[in-house]
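Inspection log for the structure reproduced underneath, given as structure tokens.
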Amino acid sequence: MNWKMAGMAGTAVVAIALTGVSATAAANKFTGNISLSVGQSFEDDDLSLGPIQVFDDSFTSITGEAQLNVAFTNNLNLQLDFTGTASFIDDNNTFFNASLDRETGFQGSAHLYWRTDQYAVGVFGGAGVSSGPELIFFSPSAEYYFAGVEGQYYWNNFTFGLNGGYLDSSSDELQFVGPPFNGDDLFLNNAWFAGADVTWYASKKFALSGKVGYISGDAGFSFLDVDTWHWGAKAEYWPEEKEPLSLWIAYEGRTTNFDPSFSTVDVDKDVHTIKIGVTFHFGVDEGSTQANDRGGPAWNQMDYGAIVVGG
């Protein structure tokens with residue numbers, strides 16, 4: 001399967017569908033946004049295999065995102081999120097044309113929540129598919145699932161958020177090998193996660209946000225304990241209040257520790273990504289980040305695909 005085309009095509013279809021919704025929906029009942037960004041990632045790890053490298057030092061990616069919020073009442077809302085990512089990984093940087101980086105993936109999620117002028121609280125769940133490592137004889141992919149609870153508190157020009165939940169994954173590869181090599185335990189599974197974020201609306205045209213999170217689980221047929229910290233920052237600028245367009249730049253980082261149960265030697269991998277993007281908003285009358293966050297889609301969903309496959 002051409003994972004790059006599948007991931008980006010799925011996001012494009014969603015974007016076109018949501019654009020149609022925005023053109024026909026009643027004002028303020030349907031709100032949302034569509035984003036497109038280009039990123040550059042830089043990796044570092046302490047895995048020493050001589051001349052063999054299984055992680056790219058640097059690669060470019062394209063990400064498409066779409067969000068739709070449906071307001072059933074003044075307080076009860078349903079938000080749908082879709083994300084597609086394609087990374088341009090160089091598989092030829094090893095002797096065996098192998099890579100452990102995620103090449104592409106697609107993820108969808110839903111949030112059912114209650115929102116007032118002071119807070120929002122709800123539950124969420126979602127699923128995704130991610131390409132896995134490009135190995136010598138096969139290329140296993142991962143399907144993953146997650147669910148949790150989330151909340152926000154609004155205080156003047158600040159929004160504070162918390163979330164937590166559970167994630168599991170499965171794979172149709174290696175099922176033929178038999179116990180203990182169960183494909184459902186190949187990638188990150190039986191994992192718990194938590195996160196926090198804050199956004200400061202400095203003005204109607206400018207907002208700054210930051211986030212931090214942690215996820216811990218098992219991988220490698222339960223031979224690996226995997227712990228990942230992730231964090232990020234974003235600056236968003238709204239050039240014209242009457243125009244439904246915002247520009248932004250973001251930084252995302254994560255560090256993952258792979259601790260094998262059969263050895264005292266573990267592996268650490270760090271990934272740093274810079275993204276530049278544009279977002280088109282619809283459904284909210286006022287053109288500002290604060291108005292769209294509190295009157296449109298409320299939640300920012302984490303892209304778990306790369307973390308699940310260790311890429």
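A note on labels: chains of the structure tokens are A, B, ... as shown, every chain counts residues from 1, and ligands are counted from 1 in their shown order.
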ask   = So which residues touch A:Gly232 within 10 Å, counting only C-alpha atoms, skipping near sequence neighbours fewer than 3 positions away, as an MDAnalysis selection string?
value = chainID A and resid 197 209:213 250:254 272:274
inquiry  = From a backbone DSSP assignment, name each residue in stretch 155-307 of chain A labelled helix (DSSP H, G or I), as a PyMOL selection string.
reply    = chain A and resi 183-185+289-295+305-307
Writing out the chosen residues with N, CA, C and O atoms as a PDB file, in the first residue's frame:
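Result file selection_37.pdb:
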ATOM      1  N   GLY A 183       1.282 -10.467  17.354  1.00  0.00           N
ATOM      2  CA  GLY A 183       1.339  -9.199  16.647  1.00  0.00           C
ATOM      3  C   GLY A 183       0.669  -8.060  17.384  1.00  0.00           C
ATOM      4  O   GLY A 183       1.023  -6.894  17.205  1.00  0.00           O
ATOM      5  N   ASP A 184      -0.329  -8.362  18.232  1.00  0.00           N
ATOM      6  CA  ASP A 184      -0.998  -7.309  18.990  1.00  0.00           C
ATOM      7  C   ASP A 184      -0.074  -6.665  20.018  1.00  0.00           C
ATOM      8  O   ASP A 184      -0.394  -5.599  20.557  1.00  0.00           O
ATOM      9  N   ASP A 185       1.032  -7.301  20.321  1.00  0.00           N
ATOM     10  CA  ASP A 185       1.982  -6.762  21.289  1.00  0.00           C
ATOM     11  C   ASP A 185       3.242  -6.219  20.639  1.00  0.00           C
ATOM     12  O   ASP A 185       4.223  -5.933  21.326  1.00  0.00           O
ATOM     13  N   THR A 289      -8.436  33.938  17.657  1.00  0.00           N
ATOM     14  CA  THR A 289      -8.161  32.600  18.160  1.00  0.00           C
ATOM     15  C   THR A 289      -9.013  32.282  19.381  1.00  0.00           C
ATOM     16  O   THR A 289      -9.542  31.175  19.520  1.00  0.00           O
ATOM     17  N   GLN A 290      -9.173  33.245  20.291  1.00  0.00           N
ATOM     18  CA  GLN A 290      -9.961  33.000  21.502  1.00  0.00           C
ATOM     19  C   GLN A 290     -11.416  32.702  21.156  1.00  0.00           C
ATOM     20  O   GLN A 290     -12.017  31.763  21.699  1.00  0.00           O
ATOM     21  N   ALA A 291     -11.996  33.484  20.248  1.00  0.00           N
ATOM     22  CA  ALA A 291     -13.394  33.262  19.873  1.00  0.00           C
ATOM     23  C   ALA A 291     -13.581  31.900  19.232  1.00  0.00           C
ATOM     24  O   ALA A 291     -14.575  31.201  19.489  1.00  0.00           O
ATOM     25  N   ASN A 292     -12.642  31.476  18.404  1.00  0.00           N
ATOM     26  CA  ASN A 292     -12.760  30.183  17.746  1.00  0.00           C
ATOM     27  C   ASN A 292     -12.514  29.027  18.702  1.00  0.00           C
ATOM     28  O   ASN A 292     -13.135  27.974  18.575  1.00  0.00           O
ATOM     29  N   ASP A 293     -11.609  29.187  19.664  1.00  0.00           N
ATOM     30  CA  ASP A 293     -11.361  28.128  20.640  1.00  0.00           C
ATOM     31  C   ASP A 293     -12.548  27.926  21.569  1.00  0.00           C
ATOM     32  O   ASP A 293     -12.837  26.799  21.995  1.00  0.00           O
ATOM     33  N   ARG A 294     -13.243  28.998  21.923  1.00  0.00           N
ATOM     34  CA  ARG A 294     -14.329  28.905  22.892  1.00  0.00           C
ATOM     35  C   ARG A 294     -15.717  28.875  22.253  1.00  0.00           C
ATOM     36  O   ARG A 294     -16.704  28.615  22.948  1.00  0.00           O
ATOM     37  N   GLY A 295     -15.787  29.128  20.953  1.00  0.00           N
ATOM     38  CA  GLY A 295     -17.057  29.048  20.257  1.00  0.00           C
ATOM     39  C   GLY A 295     -17.082  28.004  19.163  1.00  0.00           C
ATOM     40  O   GLY A 295     -18.145  27.648  18.661  1.00  0.00           O
ATOM     41  N   GLY A 305       0.298   8.405  16.313  1.00  0.00           N
ATOM     42  CA  GLY A 305       0.829   7.412  15.407  1.00  0.00           C
ATOM     43  C   GLY A 305       2.322   7.158  15.520  1.00  0.00           C
ATOM     44  O   GLY A 305       2.774   6.008  15.611  1.00  0.00           O
ATOM     45  N   ALA A 306       3.114   8.244  15.521  1.00  0.00           N
ATOM     46  CA  ALA A 306       4.561   8.075  15.584  1.00  0.00           C
ATOM     47  C   ALA A 306       5.004   7.488  16.915  1.00  0.00           C
ATOM     48  O   ALA A 306       5.967   6.699  16.971  1.00  0.00           O
ATOM     49  N   ILE A 307       4.313   7.851  17.991  1.00  0.00           N
ATOM     50  CA  ILE A 307       4.665   7.312  19.300  1.00  0.00           C
ATOM     51  C   ILE A 307       4.362   5.812  19.359  1.00  0.00           C
ATOM     52  O   ILE A 307       5.141   5.024  19.911  1.00  0.00           O
TER      53      ILE A 307
END
remark   = Separating atom CA of A:Asp101 from atom CA of A:Phe258, to the nearest tenth of an Å, is a gap of 14.7 Å
Strand (DSSP E or B) per DSSP on the backbone: members of stretch 62-156 of chain A, as an NGL selection string = :A and (62-71 or 76-87 or 99 or 104-115 or 119-131 or 134 or 141-155)
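When only C-alpha atoms are used to measure the gap to A:Val278, the shortest distance among A:Leu80, A:Gly64, A:Ser261, A:Ala71 belongs to A:Gly64.
The protein and nucleic acid residues lying at most 9 Å from A:Asp45 are A:Phe55, A:Val267, A:Asp268, A:Lys269, A:Asp270, A:Val271, with only C-alpha atoms considered and sequence neighbours fewer than 6 positions away removed.
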inquiry  = Quick one: residues within 9 Å of A:Leu208, only C-alpha atoms, excluding same-chain residues fewer than 6 positions away - as a PyMOL selection string?
reply    = chain A and resi 198-202+233-236
Output N, CA, C and O atoms of each residue in that selection to a file, as a short mmCIF file (atom, residue, chain, number, x, y, z; two decimals), in the first residue's frame.
data_model
loop_
_atom_site.label_atom_id
_atom_site.label_comp_id
_atom_site.auth_asym_id
_atom_site.auth_seq_id
_atom_site.Cartn_x
_atom_site.Cartn_y
_atom_site.Cartn_z
N VAL A 198 -1.87 25.03 27.97
CA VAL A 198 -2.32 26.37 28.31
C VAL A 198 -2.20 27.26 27.08
O VAL A 198 -1.26 27.11 26.30
N THR A 199 -3.17 28.15 26.90
CA THR A 199 -3.15 29.11 25.80
C THR A 199 -3.36 30.51 26.35
O THR A 199 -4.26 30.74 27.17
N TRP A 200 -2.52 31.43 25.91
CA TRP A 200 -2.64 32.85 26.29
C TRP A 200 -3.02 33.64 25.05
O TRP A 200 -2.30 33.65 24.06
N TYR A 201 -4.17 34.30 25.13
CA TYR A 201 -4.64 35.14 24.04
C TYR A 201 -4.15 36.56 24.28
O TYR A 201 -4.80 37.37 24.96
N ALA A 202 -2.97 36.86 23.72
CA ALA A 202 -2.34 38.15 23.98
C ALA A 202 -3.15 39.30 23.40
O ALA A 202 -3.17 40.41 23.95
N ALA A 233 5.10 24.03 21.68
CA ALA A 233 4.72 25.44 21.78
C ALA A 233 4.25 25.91 20.42
O ALA A 233 4.70 25.40 19.38
N LYS A 234 3.33 26.89 20.43
CA LYS A 234 2.74 27.36 19.17
C LYS A 234 2.44 28.84 19.26
O LYS A 234 1.94 29.31 20.29
N ALA A 235 2.75 29.57 18.20
CA ALA A 235 2.39 30.98 18.08
C ALA A 235 1.47 31.13 16.87
O ALA A 235 1.83 30.70 15.77
N GLU A 236 0.29 31.72 17.09
CA GLU A 236 -0.70 31.85 16.02
C GLU A 236 -1.06 33.30 15.81
O GLU A 236 -1.30 34.04 16.78
#
